[in-house]
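Enquirer: Just so it is clear, I am handing over data.cif, which has mmCIF, C-alpha atoms and all ligand atoms.
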data_upload
#
loop_
_atom_site.label_atom_id
_atom_site.label_comp_id
_atom_site.auth_asym_id
_atom_site.auth_seq_id
_atom_site.Cartn_x
_atom_site.Cartn_y
_atom_site.Cartn_z
CA MET A 27 110.74 144.20 132.51
CA ASN A 28 108.74 143.12 135.57
CA PHE A 29 106.54 140.07 135.33
CA HIS A 30 103.39 138.91 137.00
CA TYR A 31 103.34 135.14 136.47
CA HIS A 32 99.89 133.51 136.31
CA ILE A 33 100.64 129.85 137.05
CA LEU A 34 98.08 127.36 135.69
CA ILE A 35 98.70 124.02 137.42
CA ASN A 36 97.23 120.66 136.43
CA PRO A 37 98.08 118.75 139.64
CA ALA A 38 96.92 115.48 138.05
CA ALA A 39 99.46 115.57 135.16
CA GLY A 40 102.22 112.97 135.29
CA SER A 41 99.83 110.98 137.52
CA GLY A 42 100.22 113.55 140.28
CA ASN A 43 103.91 114.39 139.84
CA ALA A 44 102.91 117.86 138.56
CA GLU A 45 101.73 118.78 142.05
CA LYS A 46 105.24 118.24 143.43
CA THR A 47 106.74 120.17 140.51
CA ALA A 48 104.36 123.06 141.25
CA GLU A 49 105.45 123.07 144.92
CA LYS A 50 109.11 123.36 143.81
CA ILE A 51 108.31 126.20 141.40
CA ILE A 52 106.27 128.09 144.00
CA GLN A 53 109.18 127.80 146.41
CA LEU A 54 111.53 129.25 143.75
CA LEU A 55 109.06 132.08 143.05
CA ASP A 56 108.85 132.89 146.78
CA GLU A 57 112.63 132.74 147.24
CA GLY A 58 113.16 135.02 144.22
CA ASP A 59 110.44 137.43 145.38
CA TYR A 60 108.57 137.11 142.08
CA THR A 61 104.97 138.27 141.71
CA TYR A 62 102.67 135.36 140.88
CA THR A 63 99.16 133.96 141.23
CA PRO A 64 98.55 130.17 141.14
CA TYR A 65 95.43 128.58 139.62
CA TYR A 66 94.78 124.85 140.09
CA THR A 67 92.60 122.77 137.75
CA GLU A 68 90.18 120.48 139.56
CA GLY A 69 89.21 118.26 136.64
CA PRO A 70 89.55 117.69 132.88
CA GLY A 71 88.76 120.77 130.81
CA ASP A 72 89.28 123.27 133.66
CA GLU A 73 92.15 124.85 131.70
CA LYS A 74 89.57 126.51 129.43
CA GLU A 75 87.71 128.14 132.28
CA ILE A 76 90.96 129.45 133.85
CA VAL A 77 92.15 130.86 130.49
CA ASP A 78 88.74 132.52 129.95
CA ARG A 79 89.04 134.23 133.35
CA LEU A 80 92.51 135.54 132.54
CA THR A 81 92.09 136.75 128.97
CA ASN A 82 91.65 140.43 129.84
CA LEU A 83 94.63 140.33 132.18
CA LEU A 84 97.31 138.56 130.10
CA SER A 85 99.72 140.77 128.13
CA PRO A 86 100.17 140.41 124.38
CA TRP A 87 103.76 140.54 123.18
CA SER A 88 105.37 142.76 120.54
CA GLU A 89 108.97 143.81 119.83
CA THR A 90 108.25 147.18 121.51
CA CYS A 91 106.46 145.85 124.57
CA GLU A 92 109.50 146.07 126.85
CA LYS A 93 109.07 149.90 126.78
CA ASP A 94 105.33 149.55 127.44
CA HIS A 95 105.98 147.48 130.57
CA ILE A 96 108.60 149.63 132.30
CA ASP A 97 106.08 150.92 134.85
CA ASN A 98 103.57 148.08 134.82
CA SER A 99 104.06 144.29 134.88
CA PHE A 100 103.93 141.95 131.92
CA HIS A 101 101.24 139.36 132.77
CA LEU A 102 102.46 135.99 131.52
CA LEU A 103 100.66 132.65 131.73
CA VAL A 104 102.92 129.77 132.83
CA VAL A 105 101.52 126.24 132.49
CA ILE A 106 102.66 123.45 134.81
CA GLY A 107 101.42 120.12 133.45
CA GLY A 108 101.90 117.71 130.57
CA ASP A 109 101.64 118.18 126.82
CA GLY A 110 97.86 117.70 127.08
CA THR A 111 97.48 120.61 129.52
CA LEU A 112 99.45 122.94 127.26
CA HIS A 113 97.38 121.69 124.30
CA GLN A 114 94.16 122.66 126.12
CA VAL A 115 95.50 126.14 126.93
CA VAL A 116 96.77 126.91 123.44
CA ASN A 117 93.50 125.64 121.95
CA GLU A 118 91.52 127.98 124.18
CA PHE A 119 93.69 130.90 122.96
CA PHE A 120 92.84 129.72 119.43
CA ALA A 121 89.10 129.40 120.16
CA LEU A 122 89.08 132.94 121.57
CA GLY A 123 91.14 134.29 118.64
CA LEU A 124 93.99 135.39 120.97
CA GLN A 125 97.67 135.64 120.00
CA LEU A 126 99.26 135.44 123.45
CA PRO A 127 102.65 134.10 124.53
CA VAL A 128 102.66 131.27 127.05
CA SER A 129 105.34 129.67 129.16
CA TYR A 130 105.62 126.08 130.24
CA ILE A 131 107.17 123.90 132.96
CA PRO A 132 106.89 120.28 131.76
CA ALA A 133 105.42 118.00 134.43
CA GLY A 134 103.60 115.29 132.46
CA SER A 135 104.65 111.74 131.75
CA GLY A 136 105.83 112.24 128.15
CA ASN A 137 106.91 115.89 127.91
CA ASP A 138 107.68 115.61 124.20
CA PHE A 139 107.02 119.28 123.45
CA ALA A 140 109.71 120.38 125.93
CA ARG A 141 112.11 117.83 124.40
CA GLY A 142 111.28 119.13 120.93
CA ILE A 143 111.84 122.83 121.65
CA GLY A 144 114.91 122.57 123.91
CA LEU A 145 113.17 123.34 127.20
CA SER A 146 114.61 121.45 130.17
CA ARG A 147 112.52 118.68 131.73
CA GLU A 148 114.11 119.51 135.08
CA PRO A 149 111.74 122.02 136.74
CA GLU A 150 114.50 124.20 138.24
CA LYS A 151 116.30 124.49 134.89
CA ALA A 152 113.07 125.19 132.99
CA PHE A 153 112.26 127.88 135.57
CA GLU A 154 115.66 129.45 134.92
CA GLN A 155 115.07 129.31 131.15
CA ILE A 156 111.76 131.13 131.63
CA THR A 157 112.84 133.80 134.10
CA SER A 158 116.06 134.58 132.17
CA ALA A 159 114.27 135.01 128.81
CA LEU A 160 113.87 138.57 127.58
CA LYS A 161 111.38 137.65 124.87
CA PRO A 162 109.33 134.68 123.65
CA GLN A 163 110.39 132.32 120.84
CA PRO A 164 108.19 131.82 117.77
CA ILE A 165 107.47 128.09 117.57
CA ASN A 166 105.96 126.57 114.47
CA VAL A 167 102.89 124.59 115.39
CA PHE A 168 100.07 123.57 113.08
CA HIS A 169 96.40 124.19 112.63
CA TYR A 170 93.95 121.33 111.90
CA GLU A 171 90.46 121.26 110.49
CA GLU A 172 88.52 117.98 110.65
CA LYS A 173 85.69 118.10 108.13
CA ILE A 174 83.53 115.13 109.24
CA ARG A 175 82.93 116.39 112.81
CA GLU A 176 83.62 120.02 111.91
CA GLU A 177 86.34 120.42 114.53
CA GLN A 178 89.41 122.61 114.45
CA GLY A 179 92.32 123.53 116.66
CA VAL A 180 96.05 123.85 117.15
CA ILE A 181 98.60 121.05 117.47
CA LEU A 182 101.88 121.57 119.32
CA ASN A 183 103.40 118.10 118.87
CA ASN A 184 101.57 115.68 116.61
CA VAL A 185 98.33 114.13 115.40
CA GLY A 186 98.39 110.38 114.97
CA ILE A 187 95.96 108.01 113.30
CA GLY A 188 96.55 104.30 113.93
CA LEU A 189 99.23 102.75 116.14
CA ASP A 190 100.33 105.77 118.24
CA ALA A 191 96.70 106.78 118.84
CA LEU A 192 95.76 103.25 119.90
CA ILE A 193 98.65 103.35 122.39
CA VAL A 194 97.47 106.73 123.75
CA ALA A 195 93.89 105.43 124.13
CA THR A 196 94.97 102.28 126.00
CA THR A 197 97.72 103.97 128.08
CA ASN A 198 95.48 106.85 129.24
CA ALA A 199 92.79 104.37 130.29
CA SER A 200 95.22 102.13 132.18
CA THR A 201 96.03 102.00 135.86
CA SER A 202 99.62 100.83 135.28
CA LYS A 203 100.43 104.34 133.89
CA LYS A 204 99.75 105.78 137.34
CA VAL A 205 101.96 103.20 139.05
CA LEU A 206 104.81 103.63 136.54
CA ASN A 207 104.53 107.45 136.67
CA LYS A 208 104.89 107.27 140.44
CA TYR A 209 108.35 105.83 139.84
CA HIS A 210 109.06 108.29 136.99
CA LEU A 211 108.67 105.52 134.41
CA GLY A 212 105.96 107.18 132.32
CA SER A 213 107.73 106.21 129.09
CA ALA A 214 107.76 102.57 130.23
CA SER A 215 103.94 102.48 130.30
CA TYR A 216 103.97 103.73 126.70
CA ALA A 217 106.46 100.98 125.73
CA LEU A 218 104.29 98.36 127.46
CA TYR A 219 101.21 99.36 125.46
CA LEU A 220 103.28 99.73 122.28
CA VAL A 221 103.98 95.99 122.36
CA LYS A 222 100.28 95.24 122.94
CA ALA A 223 99.15 97.63 120.18
CA ILE A 224 101.49 96.06 117.61
CA PHE A 225 99.46 92.88 117.84
CA THR A 226 96.07 94.68 117.98
CA GLN A 227 96.40 97.43 115.36
CA LYS A 228 95.00 96.39 111.96
CA THR A 229 96.23 98.00 108.76
CA PHE A 230 93.96 100.60 107.12
CA PRO A 231 93.85 102.62 103.89
CA ILE A 232 94.55 106.37 103.84
CA LEU A 233 94.63 109.07 101.22
CA VAL A 234 97.21 111.86 101.48
CA GLU A 235 97.29 115.15 99.57
CA LEU A 236 100.41 117.32 99.73
CA ASN A 237 102.67 119.36 97.45
CA GLY A 238 100.17 118.95 94.58
CA GLN A 239 100.27 115.14 94.80
CA THR A 240 97.62 112.61 95.84
CA LEU A 241 99.04 109.46 97.41
CA SER A 242 97.24 106.39 98.65
CA PHE A 243 98.54 103.91 101.21
CA GLU A 244 96.57 100.68 101.39
CA ARG A 245 98.17 99.02 104.42
CA THR A 246 98.85 101.91 106.81
CA PHE A 247 99.90 100.97 110.30
CA LEU A 248 100.98 104.35 111.62
CA CYS A 249 100.26 107.82 110.24
CA THR A 250 101.72 110.69 112.27
CA THR A 251 101.66 114.35 111.28
CA THR A 252 104.22 116.08 113.45
CA ASN A 253 105.89 119.32 114.40
CA ILE A 254 108.62 117.80 116.59
CA PRO A 255 110.75 114.63 116.33
CA TYR A 256 109.13 112.82 119.26
CA PHE A 257 106.04 110.99 120.39
CA GLY A 258 105.39 108.62 123.29
CA GLY A 259 107.88 110.22 125.69
CA GLY A 260 111.01 110.55 123.60
CA ILE A 261 110.60 108.13 120.69
CA ALA A 262 112.19 110.02 117.76
CA ILE A 263 109.74 108.87 115.09
CA ALA A 264 110.58 111.86 112.85
CA PRO A 265 114.18 112.87 113.68
CA MET A 266 114.16 115.43 110.86
CA ALA A 267 111.17 117.39 112.27
CA ASP A 268 112.05 120.80 113.71
CA PRO A 269 109.61 123.23 115.39
CA LYS A 270 111.76 126.14 114.14
CA LYS A 271 110.98 125.15 110.50
CA GLU A 272 107.84 126.48 108.83
CA THR A 273 106.80 123.04 107.61
CA ILE A 274 104.91 120.00 108.86
CA ASP A 275 106.37 116.49 108.72
CA LEU A 276 104.32 113.42 107.91
CA VAL A 277 105.42 109.86 108.65
CA VAL A 278 103.52 106.91 107.21
CA VAL A 279 104.54 103.34 108.05
CA GLU A 280 102.98 100.48 106.14
CA LYS A 281 102.81 96.95 107.50
CA PRO A 282 103.12 94.16 104.98
CA ASN A 283 103.37 91.58 107.81
CA LEU A 284 104.20 91.25 111.52
CA LEU A 285 107.84 90.30 110.88
CA ALA A 286 108.40 93.49 108.87
CA ILE A 287 106.94 95.60 111.65
CA LEU A 288 109.09 93.89 114.29
CA ARG A 289 112.15 94.61 112.12
CA PHE A 290 111.00 98.24 111.92
CA LEU A 291 110.71 98.46 115.71
CA ILE A 292 114.21 97.10 116.24
CA GLN A 293 115.46 99.76 113.82
CA LEU A 294 113.42 102.39 115.72
CA VAL A 295 115.22 101.46 118.96
CA ARG A 296 118.57 101.63 117.12
CA LYS A 297 117.54 104.95 115.51
CA LYS A 298 117.92 103.42 112.02
CA HIS A 299 114.19 103.30 111.19
CA THR A 300 114.29 106.07 108.58
CA GLU A 301 116.22 103.64 106.36
CA ASN A 302 113.39 101.08 106.46
CA LYS A 303 111.62 100.71 103.11
CA HIS A 304 108.19 100.81 104.80
CA TYR A 305 108.98 104.18 106.43
CA LYS A 306 107.68 107.04 104.27
CA HIS A 307 108.45 110.66 105.12
CA PHE A 308 107.02 113.86 103.60
CA THR A 309 107.37 117.56 104.33
CA SER A 310 104.86 120.23 103.38
CA SER A 311 103.19 123.40 104.69
CA LYS A 312 99.74 121.98 103.90
CA ILE A 313 98.64 118.34 104.23
CA ARG A 314 95.28 116.57 103.87
CA ILE A 315 94.75 113.08 105.32
CA VAL A 316 91.61 111.00 104.82
CA SER A 317 90.96 107.77 106.69
CA VAL A 318 87.47 106.43 105.87
CA VAL A 319 87.84 103.27 107.96
CA PRO A 320 87.39 104.34 111.64
CA GLN A 321 90.68 104.45 113.57
CA HIS A 322 91.89 105.77 116.88
CA GLY A 323 93.22 109.32 116.71
CA GLN A 324 95.41 111.29 119.11
CA ALA A 325 96.20 115.01 119.27
CA ASP A 326 99.18 115.96 121.50
CA GLY A 327 98.60 112.77 123.50
CA GLU A 328 94.87 113.52 123.97
CA ASP A 329 92.59 110.71 122.79
CA MET A 330 90.39 111.83 119.84
CA GLY A 331 88.34 108.62 119.89
CA GLU A 332 87.83 105.93 117.24
CA ARG A 333 86.35 107.48 114.08
CA SER A 334 86.82 108.38 110.41
CA PHE A 335 89.02 111.39 109.66
CA ASP A 336 89.24 114.00 106.93
CA MET A 337 91.87 116.41 108.21
CA ASN A 338 93.55 119.43 106.71
CA PHE A 339 96.75 120.68 108.33
CA SER A 340 98.47 124.03 107.80
CA THR A 341 101.34 125.77 109.60
CA ALA A 342 100.79 128.31 112.41
CA THR A 343 102.89 130.08 115.07
CA GLN A 344 102.68 130.03 118.88
CA TYR A 345 105.02 132.21 120.97
CA ILE A 346 106.58 130.32 123.90
CA TRP A 347 108.34 132.38 126.57
CA TYR A 348 111.69 130.70 127.27
CA ALA A 349 115.37 130.97 126.43
CA ASP A 350 116.31 128.25 123.98
CA LYS A 351 119.69 127.13 125.30
CA ARG A 352 120.43 125.39 121.99
CA THR A 353 120.46 128.68 120.06
CA GLU A 354 121.54 131.18 122.72
CA LYS A 355 125.24 130.58 123.27
N1 LIG A 401 92.73 118.36 137.97
C1 LIG A 401 92.63 117.51 136.96
N2 LIG A 401 92.29 116.21 137.18
C2 LIG A 401 92.22 115.34 136.15
N3 LIG A 401 92.47 115.67 134.84
C3 LIG A 401 92.80 116.94 134.57
C4 LIG A 401 92.89 117.92 135.61
N4 LIG A 401 93.24 119.10 135.05
C5 LIG A 401 93.34 118.89 133.73
N5 LIG A 401 93.10 117.60 133.43
C6 LIG A 401 93.15 116.94 132.12
O1 LIG A 401 94.39 116.25 131.99
C7 LIG A 401 94.71 116.15 130.59
C8 LIG A 401 96.11 116.57 130.35
O2 LIG A 401 97.01 115.75 130.99
P1 LIG A 401 98.53 115.91 130.54
O3 LIG A 401 98.69 115.39 129.15
O4 LIG A 401 98.95 117.32 130.75
O5 LIG A 401 99.27 115.03 131.55
P2 LIG A 401 99.85 113.56 131.32
O6 LIG A 401 98.87 112.76 130.54
O7 LIG A 401 100.28 113.07 132.63
O8 LIG A 401 101.15 113.92 130.51
P3 LIG A 401 101.67 113.45 129.10
O9 LIG A 401 100.72 113.95 128.05
O10 LIG A 401 103.01 114.13 128.99
O11 LIG A 401 101.74 111.95 129.18
C9 LIG A 401 93.81 117.12 129.88
O12 LIG A 401 92.83 116.39 129.17
C10 LIG A 401 93.22 117.94 130.99
O13 LIG A 401 91.95 118.51 130.69
#
How does the structure come out when it is put into structure tokens?
Ligand SMILES: Nc1ncnc2c1ncn2[C@@H]1O[C@H](COP(=O)(O)OP(=O)(O)OP(=O)(O)O)[C@@H](O)[C@H]1O

Expert:
Amino acid sequence: MNFHYHILINPAAGSGNAEKTAEKIIQLLDEGDYTYTPYYTEGPGDEKEIVDRLTNLLSPWSETCEKDHIDNSFHLLVVIGGDGTLHQVVNEFFALGLQLPVSYIPAGSGNDFARGIGLSREPEKAFEQITSALKPQPINVFHYEEKIREEQGVILNNVGIGLDALIVATTNASTSKKVLNKYHLGSASYALYLVKAIFTQKTFPILVELNGQTLSFERTFLCTTTNIPYFGGGIAIAPMADPKKETIDLVVVEKPNLLAILRFLIQLVRKKHTENKHYKHFTSSKIRIVSVVPQHGQADGEDMGERSFDMNFSTATQYIWYADKRTEK
């Protein structure tokens, strides 16, 4: 099958590192004599406009489409950016009601989605995984509906209310992220703001509905609904989460006092946090979370602002074009 790669590049992702990644990929495309067209975003939200322009051109995928594309190229969108860029693209597919495959070269500071699905964070290797793949992989993502502001969309990684969202809000607004990203220390900026947020984040009550149960947590510190194990650039908050499973994982951590939370963080570093008695884990295909007291929220590392939430989550599928080296021996 011949491909025409439409390369959507967010040069600002990873505090500018994505631009260098894009240069490398374009060099590989030229050397391999691939057909491609690059599109560069110029500011936040430009992903939508680029996707809108390409909708009539991009090819849908089906098991029989290899035959359909013997004489004509398969037009595939390849995103070069961070998790937030891919989030914007997939959400525009969703807004337009399109079921299209997408490919991805991670070039952000966190790159948790790539980690979660077994896509290399080294651009050359990711490129090889994409160009060697004969078909896309179904990845379980999830759909959200927020009733208070009447918003909806698709989540690739996770939605957090509380600690992780406060970290996202402060990290994205900081200048140190840019400096640390320059030296490929994006995760360090997250760790820096994690320490700050531990002292700033107040506990809050939430209500959770899942598997026919209603649960209430009075002293929530962190509430993360996730599709993959990681947030914050490789922190395995939910090691049991798996984007190949048709379920959503929910982690709730309560904070009785500062000492207990510091103990939890030490266990998190030692990957023993799931044994902590304040760590609660649930799995379901449908979850409702209500937080009446305004809190910071984050969706795939994008700041949702400080507000009340009434969110319903349900499973969905997004096709990602890559060869999963973990399953293809
Ligand atoms: N040219 C641009 N300049 C500034 N912001 C942009 C540009 N193009 C897209 N954006 C915005 O950047 C955000 C996405 O950034 P992204 O998450 O991909 O990178 P990152 O924050 O460096 O990576 P990570 O999420 O892995 O930490 C989106 O909100 C998107 O709309």

Enquirer: Write out as a PyMOL selection string each polymer residue whose atoms come within 10 Å of Ala152 of chain A, counting all atoms listed in the file; drop sequence neighbours fewer than 3 positions from it.

Expert: chain A and resi 51+129-132+140+144-149+155-158+348-349

Enquirer: Return as a tab-separated table the residues of chain A lying at most 6 Å from ligand LIG 401 (chain A), together with the closest atom-to-atom pair for each and the distance in Å to one decimal, counting only C-alpha atoms and all ligand atoms, with rows in chain order and ascending residue number.

Expert:
residue	atom	partner	partner_atom	distance
A:Asn36	CA	A:LIG401	N4	4.5
A:Pro37	CA	A:LIG401	N1	5.6
A:Ala38	CA	A:LIG401	N2	4.8
A:Ala39	CA	A:LIG401	O7	3.7
A:Gly40	CA	A:LIG401	O7	3.3
A:Ser41	CA	A:LIG401	O7	5.3
A:Thr67	CA	A:LIG401	N1	4.4
A:Glu68	CA	A:LIG401	N1	3.7
A:Gly69	CA	A:LIG401	C1	3.5
A:Pro70	CA	A:LIG401	O13	3.4
A:Gly71	CA	A:LIG401	O13	3.9
A:Asp72	CA	A:LIG401	N4	5.9
A:Gly107	CA	A:LIG401	O4	4.6
A:Gly108	CA	A:LIG401	O4	3.0
A:Asp109	CA	A:LIG401	O9	4.5
A:Gly110	CA	A:LIG401	O3	3.2
A:Thr111	CA	A:LIG401	O4	3.8
A:Gly134	CA	A:LIG401	O8	3.4
A:Ser135	CA	A:LIG401	O11	3.9
A:Gly136	CA	A:LIG401	O10	3.5
A:Asn137	CA	A:LIG401	O10	4.4
A:Gly327	CA	A:LIG401	O9	5.2

Enquirer: Just to be explicit: take each residue in the selection above, keep C-alpha atoms, and write the result as a PDB file, keeping the file's coordinate frame.

Expert:
ATOM      1  CA  ASN A  36      97.230 120.660 136.430  1.00  0.00           C
ATOM      2  CA  PRO A  37      98.080 118.750 139.640  1.00  0.00           C
ATOM      3  CA  ALA A  38      96.920 115.480 138.050  1.00  0.00           C
ATOM      4  CA  ALA A  39      99.460 115.570 135.160  1.00  0.00           C
ATOM      5  CA  GLY A  40     102.220 112.970 135.290  1.00  0.00           C
ATOM      6  CA  SER A  41      99.830 110.980 137.520  1.00  0.00           C
ATOM      7  CA  THR A  67      92.600 122.770 137.750  1.00  0.00           C
ATOM      8  CA  GLU A  68      90.180 120.480 139.560  1.00  0.00           C
ATOM      9  CA  GLY A  69      89.210 118.260 136.640  1.00  0.00           C
ATOM     10  CA  PRO A  70      89.550 117.690 132.880  1.00  0.00           C
ATOM     11  CA  GLY A  71      88.760 120.770 130.810  1.00  0.00           C
ATOM     12  CA  ASP A  72      89.280 123.270 133.660  1.00  0.00           C
ATOM     13  CA  GLY A 107     101.420 120.120 133.450  1.00  0.00           C
ATOM     14  CA  GLY A 108     101.900 117.710 130.570  1.00  0.00           C
ATOM     15  CA  ASP A 109     101.640 118.180 126.820  1.00  0.00           C
ATOM     16  CA  GLY A 110      97.860 117.700 127.080  1.00  0.00           C
ATOM     17  CA  THR A 111      97.480 120.610 129.520  1.00  0.00           C
ATOM     18  CA  GLY A 134     103.600 115.290 132.460  1.00  0.00           C
ATOM     19  CA  SER A 135     104.650 111.740 131.750  1.00  0.00           C
ATOM     20  CA  GLY A 136     105.830 112.240 128.150  1.00  0.00           C
ATOM     21  CA  ASN A 137     106.910 115.890 127.910  1.00  0.00           C
ATOM     22  CA  GLY A 327      98.600 112.770 123.500  1.00  0.00           C
TER      23      GLY A 327
END

Enquirer: I want to know what sits within 7 Å of Thr273 of chain A, based on only C-alpha atoms, with residues of the same chain fewer than 6 positions away left out; could you give that as a list in words?

Expert: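 That gives Thr309, Ser310, Ser311 and Thr341 of chain A.
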
Enquirer: Would you mind listing what lies within 12 Å of Asn283 of chain A as number ranges by chain, with only C-alpha atoms counted and same-chain residues fewer than 2 positions away left out?

Expert: A: 224-225, 227-229, 245-247, 279-281, 285-290, 304

Enquirer: Pull the neighbourhood of (106.6, 132.1, 137.9) for me: all residues within 9 Å in file coordinates, counting only C-alpha atoms, as a list in words.

Expert: Phe29, His30, Tyr31, His32, Ile33, Ile51, Ile52, Leu54, Leu55, Tyr60, Thr61, Tyr62, Thr63, Pro64, Leu102, Leu103, Val104, Phe153, Ile156 and Thr157 of chain A

Enquirer: Pick out the residues sitting within 9 Å of Ile274 of chain A, and hand them over as number ranges by chain; count all atoms listed in the file, and ignore anything fewer than 2 positions along from it in its own chain.

Expert: A: 166-168, 251-254, 267-269, 271-272, 276, 308-313, 339-341

Enquirer: Rounded to one decimal, what separation in Å do you get between atom CA of Tyr66 of chain A and atom CA of Leu34 of chain A?

Expert: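 One can read the atom CA of Tyr66 of chain A to atom CA of Leu34 of chain A distance as 6.0 Å.
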
Enquirer: Please, what distance in Å, to one decimal, runs between atom CA of Ala262 of chain A and atom CA of Lys297 of chain A?

Expert: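 Result for atom CA of Ala262 of chain A versus atom CA of Lys297 of chain A: 7.7 Å, one decimal.
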
Enquirer: Find the residues around Leu233 of chain A up to 6 Å (all atoms listed in the file counted), leave out those fewer than 3 positions away in its own chain, and share them as a PyMOL selection string.

Expert: chain A and resi 241-242+315-316

Enquirer: Return the single residue from A:Ile346, A:Ala159, A:Val185, A:Ala44 that is closest to Asp326 of chain A, with distances computed using all atoms listed in the file.

Expert: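 Closest candidate: A:Val185.
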
Enquirer: Can you measure atom CA of Gly186 of chain A to atom CA of Met330 of chain A for me? One decimal in Å is fine.

Expert: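 Answer for the atom CA of Gly186 of chain A to atom CA of Met330 of chain A separation: 9.5 Å.
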
Enquirer: Between A:Leu218, A:Leu182, A:Ile232, A:Leu294, which one has atoms that come closest to Thr343 of chain A, using all atoms listed in the file?

Expert: A:Leu182

Enquirer: Which of these residues is nearest to Asn198 of chain A, using only C-alpha atoms: A:Glu172, A:Lys306, A:Gly258, A:Trp347?

Expert: A:Gly258

Enquirer: Given only C-alpha atoms as the basis, pick out the residue of A:Gly142, A:Lys74, A:Leu236, A:Ala121 nearest to His169 of chain A.

Expert: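 Closest to His169 of chain A, using only C-alpha atoms: A:Ala121.
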
Enquirer: Return the single residue from A:Ile261, A:Val319, A:Ile181, A:Val77 that is closest to Arg141 of chain A, with distances computed using all atoms listed in the file.

Expert: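 For Arg141 of chain A, the nearest of the candidates is A:Ile261.
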
Enquirer: For a quick check of understanding, using all atoms listed in the file, which of A:Thr300, A:Ser85, A:Gln125, A:Thr47 has the smallest distance to Met266 of chain A?

Expert: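 Nearest to Met266 of chain A: A:Thr300.
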